[in-house]
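Enquirer: This is input-v4.cif, which holds mmCIF, C-alpha atoms and all ligand atoms:
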data_input
#
loop_
_atom_site.label_atom_id
_atom_site.label_comp_id
_atom_site.auth_asym_id
_atom_site.auth_seq_id
_atom_site.Cartn_x
_atom_site.Cartn_y
_atom_site.Cartn_z
CA MET A 220 14.23 7.84 -7.08
CA SER A 221 13.83 11.46 -6.04
CA GLN A 222 14.84 12.25 -2.51
CA GLU A 223 12.89 15.49 -2.30
CA VAL A 224 11.68 15.98 1.27
CA ARG A 225 7.91 15.91 1.83
CA PHE A 226 7.80 16.16 5.62
CA SER A 227 10.44 17.60 7.84
CA LEU A 228 9.86 17.19 11.58
CA ALA A 229 12.18 19.01 13.97
CA GLY A 230 12.12 18.45 17.73
CA VAL A 231 8.48 17.35 17.75
CA THR A 232 7.13 16.56 21.21
CA CYS A 233 3.51 15.48 21.62
CA ARG A 234 1.53 15.45 24.83
CA TYR A 235 -1.90 14.23 25.84
CA ASP A 236 -3.12 16.13 28.90
CA GLY A 237 0.46 17.13 29.58
CA SER A 238 1.94 13.63 29.53
CA VAL A 239 4.48 13.04 26.81
CA ALA A 240 3.58 10.52 24.10
CA ALA A 241 6.41 11.31 21.68
CA ARG A 242 9.57 13.22 22.54
CA ASP A 243 11.88 15.35 20.45
CA VAL A 244 11.28 13.55 17.18
CA THR A 245 13.34 14.80 14.25
CA ILE A 246 12.85 13.06 10.93
CA ASP A 247 12.70 13.85 7.21
CA ILE A 248 10.29 11.86 5.07
CA PRO A 249 11.04 11.88 1.33
CA SER A 250 8.21 12.49 -1.10
CA GLN A 251 8.74 9.30 -3.04
CA GLY A 252 8.28 5.78 -1.79
CA VAL A 253 7.05 4.18 1.40
CA THR A 254 8.20 5.00 4.92
CA ALA A 255 7.29 2.59 7.75
CA PHE A 256 7.01 3.34 11.47
CA ILE A 257 7.60 0.33 13.70
CA GLY A 258 7.97 -0.23 17.43
CA PRO A 259 6.19 -1.77 20.41
CA SER A 260 2.67 -0.80 21.43
CA GLY A 261 2.41 2.66 22.96
CA CYS A 262 5.73 3.92 21.59
CA GLY A 263 4.10 6.84 19.77
CA LYS A 264 3.86 5.60 16.17
CA SER A 265 0.23 6.63 15.66
CA THR A 266 0.79 9.90 17.49
CA ILE A 267 3.60 10.91 15.15
CA LEU A 268 1.67 9.66 12.11
CA ARG A 269 -1.34 11.78 13.08
CA CYS A 270 0.91 14.83 13.45
CA LEU A 271 1.43 14.68 9.69
CA ASN A 272 -2.15 15.67 8.89
CA ARG A 273 -3.16 17.34 12.14
CA MET A 274 -5.45 14.49 13.00
CA ASN A 275 -4.41 14.80 16.66
CA ASP A 276 -6.05 18.22 16.76
CA VAL A 277 -9.38 16.54 17.35
CA VAL A 278 -8.10 14.82 20.53
CA PRO A 279 -8.93 16.92 23.60
CA GLY A 280 -5.83 17.72 25.66
CA PHE A 281 -3.40 17.17 22.78
CA SER A 282 -0.53 19.58 22.36
CA LEU A 283 2.50 19.71 20.10
CA THR A 284 5.78 21.57 20.27
CA GLY A 285 8.48 21.59 17.60
CA GLN A 286 7.98 21.99 13.90
CA VAL A 287 6.24 19.97 11.20
CA LEU A 288 6.96 21.17 7.67
CA LEU A 289 5.01 19.89 4.67
CA ASP A 290 6.80 20.80 1.44
CA GLY A 291 8.75 23.34 3.45
CA GLU A 292 5.71 24.98 5.06
CA ASP A 293 4.81 24.85 8.73
CA ILE A 294 1.41 23.14 9.02
CA TYR A 295 0.88 24.23 12.64
CA THR A 296 0.73 27.98 12.20
CA PRO A 297 -2.36 29.68 13.66
CA THR A 298 -3.54 30.49 10.15
CA THR A 299 -3.13 26.99 8.67
CA ASP A 300 -6.47 25.36 7.90
CA PRO A 301 -6.30 21.74 9.14
CA VAL A 302 -9.00 20.76 6.63
CA THR A 303 -6.74 21.85 3.76
CA VAL A 304 -3.87 19.87 5.27
CA ARG A 305 -6.06 16.76 5.53
CA ARG A 306 -7.14 17.11 1.92
CA ARG A 307 -3.51 16.94 0.86
CA VAL A 308 -2.62 14.28 3.41
CA GLY A 309 -5.19 11.49 3.45
CA MET A 310 -5.49 8.75 6.03
CA VAL A 311 -6.56 5.11 6.19
CA PHE A 312 -7.19 3.53 9.58
CA GLN A 313 -6.81 0.08 11.07
CA ARG A 314 -10.53 -0.60 11.13
CA SER A 315 -12.16 0.16 7.82
CA ASN A 316 -14.76 2.82 8.44
CA PRO A 317 -17.05 3.09 5.43
CA PHE A 318 -19.98 5.44 5.82
CA PRO A 319 -23.43 3.82 6.08
CA SER A 320 -24.23 4.62 2.46
CA SER A 321 -23.66 3.16 -1.00
CA ILE A 322 -20.28 2.21 -2.42
CA PHE A 323 -20.58 5.07 -4.91
CA ASP A 324 -21.46 7.62 -2.23
CA ASN A 325 -18.54 6.46 -0.11
CA VAL A 326 -16.02 6.94 -2.90
CA THR A 327 -17.41 10.27 -4.03
CA TYR A 328 -17.95 11.72 -0.56
CA GLY A 329 -14.82 13.86 -0.46
CA MET A 330 -15.22 14.99 -4.07
CA ARG A 331 -18.77 16.13 -3.44
CA LEU A 332 -17.60 17.96 -0.34
CA ASN A 333 -14.54 19.61 -1.84
CA HIS A 334 -15.53 20.53 -5.36
CA PRO A 335 -19.09 19.94 -6.41
CA ARG A 336 -18.74 18.42 -9.88
CA SER A 337 -21.10 17.28 -12.58
CA GLY A 338 -22.58 13.79 -12.16
CA ALA A 339 -20.66 12.32 -15.10
CA ASP A 340 -17.37 13.61 -13.78
CA LEU A 341 -18.10 12.05 -10.38
CA ALA A 342 -18.68 8.67 -12.04
CA VAL A 343 -15.39 8.91 -13.93
CA LYS A 344 -13.48 9.89 -10.81
CA ALA A 345 -15.16 7.16 -8.76
CA GLU A 346 -14.11 4.55 -11.31
CA GLU A 347 -10.54 5.88 -11.31
CA ALA A 348 -10.31 5.74 -7.54
CA LEU A 349 -11.87 2.26 -7.32
CA ARG A 350 -9.48 1.00 -10.01
CA ALA A 351 -6.52 2.54 -8.20
CA ALA A 352 -7.64 0.75 -5.03
CA GLY A 353 -7.94 -2.56 -6.92
CA LEU A 354 -11.67 -2.80 -6.18
CA TRP A 355 -13.36 -1.80 -9.44
CA ASP A 356 -13.88 -5.27 -10.91
CA GLU A 357 -15.45 -6.53 -7.70
CA VAL A 358 -17.96 -3.69 -7.29
CA LYS A 359 -18.61 -2.15 -10.72
CA ASP A 360 -21.99 -3.87 -11.06
CA ARG A 361 -23.23 -2.91 -7.61
CA LEU A 362 -22.10 0.63 -6.93
CA ASP A 363 -25.48 1.42 -5.40
CA THR A 364 -25.40 -1.30 -2.76
CA THR A 365 -24.52 -0.37 0.76
CA ALA A 366 -20.83 -0.46 1.64
CA SER A 367 -21.44 -2.65 4.68
CA MET A 368 -22.27 -5.54 2.31
CA LEU A 369 -18.60 -5.75 1.32
CA SER A 370 -16.10 -8.07 3.00
CA GLY A 371 -13.62 -6.60 5.50
CA GLY A 372 -10.84 -6.54 2.92
CA GLN A 373 -13.10 -4.93 0.33
CA GLN A 374 -14.25 -2.33 2.87
CA GLN A 375 -10.63 -1.46 3.58
CA ARG A 376 -9.93 -1.04 -0.15
CA LEU A 377 -13.08 1.09 -0.38
CA CYS A 378 -11.65 3.35 2.33
CA ILE A 379 -8.42 3.54 0.34
CA ALA A 380 -10.44 4.45 -2.79
CA ARG A 381 -12.30 7.11 -0.81
CA ALA A 382 -9.00 8.57 0.37
CA LEU A 383 -7.54 8.48 -3.16
CA ALA A 384 -10.59 10.07 -4.75
CA VAL A 385 -9.70 13.54 -3.46
CA GLU A 386 -6.26 13.18 -5.06
CA PRO A 387 -4.06 13.55 -2.00
CA GLU A 388 -0.31 14.00 -2.24
CA VAL A 389 0.29 11.85 0.81
CA LEU A 390 -1.48 8.81 2.21
CA LEU A 391 -1.04 7.76 5.83
CA PHE A 392 -1.86 4.19 6.82
CA ASP A 393 -2.24 3.24 10.48
CA GLU A 394 -1.99 -0.56 10.62
CA PRO A 395 -4.23 -0.89 7.56
CA ALA A 396 -4.07 -4.67 7.42
CA SER A 397 -3.94 -5.76 11.04
CA ALA A 398 -7.65 -6.71 11.07
CA LEU A 399 -7.51 -8.51 7.71
CA ASP A 400 -7.01 -12.10 6.58
CA PRO A 401 -3.74 -13.00 4.80
CA VAL A 402 -5.14 -12.69 1.27
CA SER A 403 -6.67 -9.26 1.94
CA THR A 404 -3.46 -8.23 3.69
CA GLU A 405 -1.45 -9.14 0.62
CA ARG A 406 -3.74 -7.04 -1.57
CA VAL A 407 -3.41 -4.04 0.75
CA GLU A 408 0.38 -4.46 0.76
CA GLU A 409 0.43 -4.53 -3.05
CA LEU A 410 -1.60 -1.34 -3.06
CA VAL A 411 0.71 0.35 -0.60
CA LEU A 412 3.66 -0.54 -2.82
CA GLN A 413 1.92 0.71 -5.96
CA LEU A 414 0.77 3.94 -4.33
CA GLY A 415 4.26 4.58 -3.02
CA ARG A 416 5.42 4.92 -6.63
CA ARG A 417 3.32 8.02 -7.18
CA LEU A 418 2.47 9.37 -3.71
CA THR A 419 4.21 9.81 -0.40
CA VAL A 420 3.12 6.85 1.72
CA VAL A 421 3.71 6.47 5.45
CA ILE A 422 2.58 3.25 7.12
CA VAL A 423 2.48 2.22 10.76
CA THR A 424 2.75 -1.51 11.19
CA HIS A 425 3.30 -4.06 13.92
CA ASN A 426 4.22 -6.59 11.31
CA LEU A 427 7.96 -6.51 10.72
CA GLN A 428 7.72 -8.69 7.62
CA GLN A 429 5.21 -6.23 6.24
CA ALA A 430 7.57 -3.32 6.82
CA SER A 431 10.37 -5.19 5.10
CA ARG A 432 8.10 -6.04 2.15
CA VAL A 433 6.65 -2.59 1.50
CA ALA A 434 8.90 0.09 2.95
CA ASP A 435 11.88 1.81 1.35
CA ARG A 436 12.88 3.17 4.75
CA THR A 437 11.86 2.37 8.29
CA ALA A 438 11.79 4.33 11.53
CA PHE A 439 11.98 2.44 14.82
CA PHE A 440 10.32 4.08 17.82
CA LEU A 441 10.70 3.12 21.47
CA LEU A 442 9.05 4.81 24.48
CA GLY A 443 8.13 7.89 22.48
CA ARG A 444 11.54 8.37 20.93
CA LEU A 445 12.79 7.80 17.41
CA VAL A 446 15.64 5.37 17.98
CA GLU A 447 16.76 4.70 14.43
CA TYR A 448 15.74 5.61 10.90
CA ALA A 449 17.40 3.97 7.94
CA PRO A 450 16.81 2.26 4.60
CA THR A 451 14.65 -0.76 5.49
CA VAL A 452 17.28 -3.32 4.51
CA THR A 453 19.87 -1.59 6.69
CA LEU A 454 17.53 -1.26 9.66
CA PHE A 455 16.64 -4.95 9.55
CA THR A 456 20.01 -6.44 8.71
CA ASN A 457 22.58 -4.02 10.02
CA PRO A 458 21.05 -1.67 12.62
CA ARG A 459 23.43 0.60 14.43
CA ASP A 460 21.47 0.67 17.71
CA ALA A 461 21.37 -2.32 20.06
CA GLN A 462 17.69 -1.66 20.88
CA THR A 463 16.76 -1.73 17.19
CA GLU A 464 18.70 -4.94 16.80
CA ALA A 465 16.86 -6.51 19.75
CA TYR A 466 13.48 -5.43 18.37
CA VAL A 467 13.96 -6.50 14.76
CA SER A 468 15.34 -9.84 15.86
CA GLY A 469 12.15 -10.42 17.87
CA ARG A 470 13.67 -10.21 21.33
CA PHE A 471 10.94 -7.86 22.63
CA GLY A 472 7.79 -6.04 21.65
N1 LIG B 1 -6.20 10.02 22.64
C1 LIG B 1 -5.27 9.82 23.58
N2 LIG B 1 -5.42 10.33 24.80
C2 LIG B 1 -4.49 10.13 25.77
N3 LIG B 1 -3.36 9.44 25.58
C3 LIG B 1 -3.15 8.89 24.38
C4 LIG B 1 -4.10 9.06 23.31
N4 LIG B 1 -3.60 8.41 22.22
C5 LIG B 1 -2.43 7.88 22.60
N5 LIG B 1 -2.15 8.17 23.89
C6 LIG B 1 -0.94 7.76 24.64
O1 LIG B 1 0.21 8.17 23.93
C7 LIG B 1 1.20 7.15 23.92
C8 LIG B 1 1.54 6.79 22.49
O2 LIG B 1 0.39 6.22 21.91
P1 LIG B 1 0.29 5.85 20.37
O3 LIG B 1 -1.13 5.51 20.12
O4 LIG B 1 0.90 6.91 19.56
O5 LIG B 1 1.21 4.57 20.31
P2 LIG B 1 1.38 3.46 19.17
O6 LIG B 1 2.85 3.27 19.01
O7 LIG B 1 0.60 3.83 17.97
O8 LIG B 1 0.77 2.17 19.88
P3 LIG B 1 -0.03 0.93 19.22
O9 LIG B 1 1.01 0.12 18.54
O10 LIG B 1 -0.60 0.22 20.42
O11 LIG B 1 -1.06 1.49 18.31
C9 LIG B 1 0.64 6.01 24.73
O12 LIG B 1 1.15 6.12 26.02
C10 LIG B 1 -0.84 6.25 24.71
O13 LIG B 1 -1.45 5.76 25.88
MG MG B 2 -1.04 2.99 17.03
#
Any chance you could give the structure as structure tokens?
Expert:
Amino acid sequence: MSQEVRFSLAGVTCRYDGSVAARDVTIDIPSQGVTAFIGPSGCGKSTILRCLNRMNDVVPGFSLTGQVLLDGEDIYTPTTDPVTVRRRVGMVFQRSNPFPSSIFDNVTYGMRLNHPRSGADLAVKAEEALRAAGLWDEVKDRLDTTASMLSGGQQQRLCIARALAVEPEVLLFDEPASALDPVSTERVEELVLQLGRRLTVVIVTHNLQQASRVADRTAFFLLGRLVEYAPTVTLFTNPRDAQTEAYVSGRFG
């Protein structure tokens, strides 16, 4: 497996209205495989995740110091276009958020926005994305029905298809399965694993078993700091920090 670095964060500190949410985070995220962020509520996992595609920019009062490199390039320069960054670095949220339109329109939304294509091409790309999200067989005969008719798990896979359709290099997942039933959760986990073979995947999860099932490496955050970052097996079975050990053995959080 290639260990080429996709993201390199150096001394990243994030603030909301001046109060620190993540402090002095330095971490390299390889381009291949799945990286998980774990830690108790409020420790800064989502904040750091959203730094990776400048999603925090839309939060009033947010500020960032330090450096975030994507493929070696600073994505926080005054001339960087956040929209371009977000096209390369897609995101899937905890609550599936399909648009109030048809399944087809949901999947093709980003494609229509980014590069207006011919109708036939859109259909081909939509099928590809829905197949990649493991949803095609369930929706192929009703692409024109409204997305809200789908089950929660299907809606989440539709959001994954929508994110994949613009062919991102990175996909960020913020607790993508925490509102789903066990069967839907398993399907999302399978997808995360599959996608990690061809994209950079970063996933925030509260579910330690989930991290150990899907992630090649895991970062443990506590009170806004990165405490430990290691291959997942090492972090769970042989952590070097006593706080990591306490957390992964279920003693707090
Ligand atoms: N939009 C915001 N405005 C102000 N403060 C925020 C905002 N988002 C997060 N914070 C604060 O930043 C800190 C880190 O929050 P963050 O959402 O990154 O934590 P988290 O680890 O993802 O937590 P959870 O597991 O509950 O999702 C918290 O103290 C939180 O209250
Ligand atoms: Mg969060």
Enquirer: Measuring atom to atom with all atoms listed in the file, identify which of A:Val343, A:Leu410, A:Val244, A:Val446 is nearest to A:Leu268.
Expert: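 Under the stated criterion, the closest residue is A:Val244.
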Enquirer: Residues within 8 Å of ligand MG 2 (chain B) (all atoms listed in the file), as a CSV table (one decimal) with C-alpha atoms, keeping the file's coordinate frame?
Expert:
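Heads up, here's the output in selection-v5.csv:
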chain,number,residue,atom,x,y,z
A,260,SER,CA,2.7,-0.8,21.4
A,261,GLY,CA,2.4,2.7,23.0
A,263,GLY,CA,4.1,6.8,19.8
A,264,LYS,CA,3.9,5.6,16.2
A,265,SER,CA,0.2,6.6,15.7
A,266,THR,CA,0.8,9.9,17.5
A,393,ASP,CA,-2.2,3.2,10.5
A,394,GLU,CA,-2.0,-0.6,10.6
A,423,VAL,CA,2.5,2.2,10.8
Enquirer: May I have the residues within 7 Å of stretch 355-366 of chain A as a list of chain:residue names, using all atoms listed in the file and disregarding those fewer than 3 positions away in the same chain?
Expert: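 Here the answer would be A:Pro317, A:Pro319, A:Ser320, A:Ser321, A:Ile322, A:Phe323, A:Glu346, A:Leu349, A:Arg350, A:Leu369, A:Gln374.
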Enquirer: Around ligand LIG 1 (chain B), out to 9 Å and counting all atoms listed in the file, which residues are there? I want them as a PyMOL selection string.
Expert: chain A and resi 233-236+238-241+256-269+275+277-281+393-394+423-425+440-443
Enquirer: Show me, as a list in words, the residues that have an atom within 9 Å of A:Ile246 when counting only C-alpha atoms, minus same-chain residues fewer than 3 positions from it.
Expert: Phe226, Ser227, Leu228, Ala229, Gly230, Ala438, Leu445 and Tyr448 of chain A
Enquirer: Applying 12 Å and only C-alpha atoms, which residues near A:Glu292 remain after dropping the ones on its own chain fewer than 2 positions away? List them as an NGL selection string.
Expert: :A and (224-228 or 286-290 or 294-296 or 298-299 or 304)
Enquirer: Tell me which of A:Leu412, A:Leu399, A:Val407, A:Ala384 sits closest to A:Tyr328, counting all atoms listed in the file.
Expert: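 Closest to A:Tyr328 of all the choices is A:Ala384.
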Enquirer: I'd like the interatomic distance between atom CA of A:Leu332 and atom CA of A:Asp293, to a tenth of an Å.
Expert: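 Interatomic distance, atom CA of A:Leu332 to atom CA of A:Asp293: 25.1 Å.
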Enquirer: Using all atoms listed in the file, which of A:Ala352, A:Leu391, A:Met330, A:Pro249 sits nearest A:Gln313?
Expert: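 For A:Gln313, the nearest of the given residues is A:Leu391.
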Enquirer: Which of these residues is nearest to A:Leu377, using all atoms listed in the file: A:Asp247, A:Asp324, A:Glu405, A:Glu447?
Expert: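 Under the stated criterion, the closest residue is A:Asp324.
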Enquirer: Between atom CA of A:Ser370 and atom CA of A:Asp400, measure the distance and give it in Å to one decimal.
Expert: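 Atom-to-atom, atom CA of A:Ser370 and atom CA of A:Asp400 are spaced 10.6 Å apart.
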Enquirer: Applying 7 Å and all atoms listed in the file, which residues near A:Thr254 remain after dropping the ones on its own chain fewer than 2 positions away? List them as a list of chain:residue names.
Expert: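 The residues that qualify are A:Gly252, A:Phe256, A:Val420, A:Val421, A:Ile422, A:Ala434, A:Asp435, A:Arg436, A:Thr437.
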Enquirer: Of the candidates A:Gln222, A:Glu464, A:Leu341, A:Ile379, which one gets nearest to A:Val253 if we count only C-alpha atoms?
Expert: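 Of A:Gln222, A:Glu464, A:Leu341, A:Ile379, the one nearest A:Val253 is A:Gln222, counting only C-alpha atoms.
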Enquirer: So, counting all atoms listed in the file, which residue among A:Thr456, A:Ser431, A:Thr404, A:Gln413 is closest to A:Leu390?
Expert: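 Going through A:Thr456, A:Ser431, A:Thr404, A:Gln413 one by one, the smallest distance to A:Leu390 is for A:Gln413.
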Enquirer: Would you compute the distance between atom CA of A:Leu354 and atom CA of A:Gln251? Give it in Å to one decimal.
Expert: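 One can read the atom CA of A:Leu354 to atom CA of A:Gln251 distance as 23.9 Å.
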Enquirer: Near A:Cys378, counting all atoms listed in the file, which residues have an atom at most 7 Å away, once you skip same-chain residues fewer than 2 positions from it, shown as a ChimeraX atom specification?
Expert: /A:311,315-317,374-376,380-382
Enquirer: Complete stretch 240-251 of chain A with all heavy atoms (output as a PDB file, keeping the file's coordinate frame).
Expert:
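Written out: out.pdb:
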ATOM      1  N   ALA A 240       3.818  11.734  24.873  1.00  0.00           N
ATOM      2  CA  ALA A 240       3.580  10.520  24.100  1.00  0.00           C
ATOM      3  C   ALA A 240       4.675  10.305  23.056  1.00  0.00           C
ATOM      4  O   ALA A 240       4.941   9.183  22.635  1.00  0.00           O
ATOM      5  CB  ALA A 240       2.224  10.591  23.405  1.00  0.00           C
ATOM      6  N   ALA A 241       5.301  11.399  22.625  1.00  0.00           N
ATOM      7  CA  ALA A 241       6.410  11.310  21.680  1.00  0.00           C
ATOM      8  C   ALA A 241       7.336  12.483  22.011  1.00  0.00           C
ATOM      9  O   ALA A 241       6.858  13.585  22.263  1.00  0.00           O
ATOM     10  CB  ALA A 241       5.920  11.422  20.248  1.00  0.00           C
ATOM     11  N   ARG A 242       8.655  12.185  22.054  1.00  0.00           N
ATOM     12  CA  ARG A 242       9.570  13.220  22.540  1.00  0.00           C
ATOM     13  C   ARG A 242      10.661  13.551  21.541  1.00  0.00           C
ATOM     14  O   ARG A 242      11.371  12.667  21.073  1.00  0.00           O
ATOM     15  CB  ARG A 242      10.207  12.741  23.853  1.00  0.00           C
ATOM     16  CG  ARG A 242      11.056  13.818  24.538  1.00  0.00           C
ATOM     17  CD  ARG A 242      11.745  13.271  25.780  1.00  0.00           C
ATOM     18  NE  ARG A 242      10.804  12.893  26.827  1.00  0.00           N
ATOM     19  CZ  ARG A 242      10.217  13.750  27.690  1.00  0.00           C
ATOM     20  NH1 ARG A 242      10.468  15.029  27.606  1.00  0.00           N
ATOM     21  NH2 ARG A 242       9.403  13.301  28.619  1.00  0.00           N
ATOM     22  N   ASP A 243      10.737  14.816  21.199  1.00  0.00           N
ATOM     23  CA  ASP A 243      11.880  15.350  20.450  1.00  0.00           C
ATOM     24  C   ASP A 243      12.163  14.543  19.170  1.00  0.00           C
ATOM     25  O   ASP A 243      13.297  14.130  18.933  1.00  0.00           O
ATOM     26  CB  ASP A 243      13.106  15.354  21.372  1.00  0.00           C
ATOM     27  CG  ASP A 243      14.196  16.281  20.838  1.00  0.00           C
ATOM     28  OD1 ASP A 243      13.880  17.158  20.003  1.00  0.00           O
ATOM     29  OD2 ASP A 243      15.361  16.115  21.243  1.00  0.00           O
ATOM     30  N   VAL A 244      11.123  14.342  18.395  1.00  0.00           N
ATOM     31  CA  VAL A 244      11.280  13.550  17.180  1.00  0.00           C
ATOM     32  C   VAL A 244      11.709  14.446  16.011  1.00  0.00           C
ATOM     33  O   VAL A 244      11.045  15.432  15.699  1.00  0.00           O
ATOM     34  CB  VAL A 244       9.966  12.808  16.821  1.00  0.00           C
ATOM     35  CG1 VAL A 244      10.080  12.115  15.464  1.00  0.00           C
ATOM     36  CG2 VAL A 244       9.611  11.804  17.915  1.00  0.00           C
ATOM     37  N   THR A 245      12.823  14.081  15.409  1.00  0.00           N
ATOM     38  CA  THR A 245      13.340  14.800  14.250  1.00  0.00           C
ATOM     39  C   THR A 245      13.514  13.797  13.119  1.00  0.00           C
ATOM     40  O   THR A 245      14.234  12.805  13.282  1.00  0.00           O
ATOM     41  CB  THR A 245      14.677  15.493  14.596  1.00  0.00           C
ATOM     42  OG1 THR A 245      14.409  16.494  15.591  1.00  0.00           O
ATOM     43  CG2 THR A 245      15.297  16.152  13.379  1.00  0.00           C
ATOM     44  N   ILE A 246      12.806  14.036  12.029  1.00  0.00           N
ATOM     45  CA  ILE A 246      12.850  13.060  10.930  1.00  0.00           C
ATOM     46  C   ILE A 246      12.440  13.746   9.630  1.00  0.00           C
ATOM     47  O   ILE A 246      11.553  14.603   9.627  1.00  0.00           O
ATOM     48  CB  ILE A 246      11.908  11.851  11.236  1.00  0.00           C
ATOM     49  CG1 ILE A 246      12.007  10.758  10.186  1.00  0.00           C
ATOM     50  CG2 ILE A 246      10.449  12.294  11.409  1.00  0.00           C
ATOM     51  CD1 ILE A 246      11.236   9.474  10.563  1.00  0.00           C
ATOM     52  N   ASP A 247      13.099  13.395   8.548  1.00  0.00           N
ATOM     53  CA  ASP A 247      12.700  13.850   7.210  1.00  0.00           C
ATOM     54  C   ASP A 247      12.087  12.679   6.458  1.00  0.00           C
ATOM     55  O   ASP A 247      12.670  11.593   6.432  1.00  0.00           O
ATOM     56  CB  ASP A 247      13.908  14.345   6.409  1.00  0.00           C
ATOM     57  CG  ASP A 247      14.300  15.776   6.776  1.00  0.00           C
ATOM     58  OD1 ASP A 247      13.562  16.413   7.562  1.00  0.00           O
ATOM     59  OD2 ASP A 247      15.339  16.228   6.281  1.00  0.00           O
ATOM     60  N   ILE A 248      10.948  12.915   5.844  1.00  0.00           N
ATOM     61  CA  ILE A 248      10.290  11.860   5.070  1.00  0.00           C
ATOM     62  C   ILE A 248      10.277  12.290   3.603  1.00  0.00           C
ATOM     63  O   ILE A 248       9.661  13.295   3.248  1.00  0.00           O
ATOM     64  CB  ILE A 248       8.858  11.615   5.593  1.00  0.00           C
ATOM     65  CG1 ILE A 248       8.922  11.139   7.048  1.00  0.00           C
ATOM     66  CG2 ILE A 248       8.125  10.609   4.708  1.00  0.00           C
ATOM     67  CD1 ILE A 248       7.579  10.982   7.723  1.00  0.00           C
ATOM     68  N   PRO A 249      10.975  11.521   2.745  1.00  0.00           N
ATOM     69  CA  PRO A 249      11.040  11.880   1.330  1.00  0.00           C
ATOM     70  C   PRO A 249       9.685  11.773   0.643  1.00  0.00           C
ATOM     71  O   PRO A 249       8.806  11.030   1.098  1.00  0.00           O
ATOM     72  CB  PRO A 249      12.019  10.876   0.732  1.00  0.00           C
ATOM     73  CG  PRO A 249      12.724  10.275   1.876  1.00  0.00           C
ATOM     74  CD  PRO A 249      11.796  10.342   3.032  1.00  0.00           C
ATOM     75  N   SER A 250       9.530  12.489  -0.448  1.00  0.00           N
ATOM     76  CA  SER A 250       8.210  12.490  -1.100  1.00  0.00           C
ATOM     77  C   SER A 250       7.940  11.209  -1.868  1.00  0.00           C
ATOM     78  O   SER A 250       6.791  10.843  -2.068  1.00  0.00           O
ATOM     79  CB  SER A 250       8.070  13.711  -2.010  1.00  0.00           C
ATOM     80  OG  SER A 250       9.195  13.834  -2.820  1.00  0.00           O
ATOM     81  N   GLN A 251       8.967  10.523  -2.280  1.00  0.00           N
ATOM     82  CA  GLN A 251       8.740   9.300  -3.040  1.00  0.00           C
ATOM     83  C   GLN A 251       8.905   8.071  -2.167  1.00  0.00           C
ATOM     84  O   GLN A 251       9.741   8.052  -1.268  1.00  0.00           O
ATOM     85  CB  GLN A 251       9.746   9.197  -4.193  1.00  0.00           C
ATOM     86  CG  GLN A 251       9.580  10.282  -5.236  1.00  0.00           C
ATOM     87  CD  GLN A 251       8.263  10.165  -5.968  1.00  0.00           C
ATOM     88  OE1 GLN A 251       7.954   9.127  -6.521  1.00  0.00           O
ATOM     89  NE2 GLN A 251       7.461  11.234  -5.967  1.00  0.00           N
TER      90      GLN A 251
END
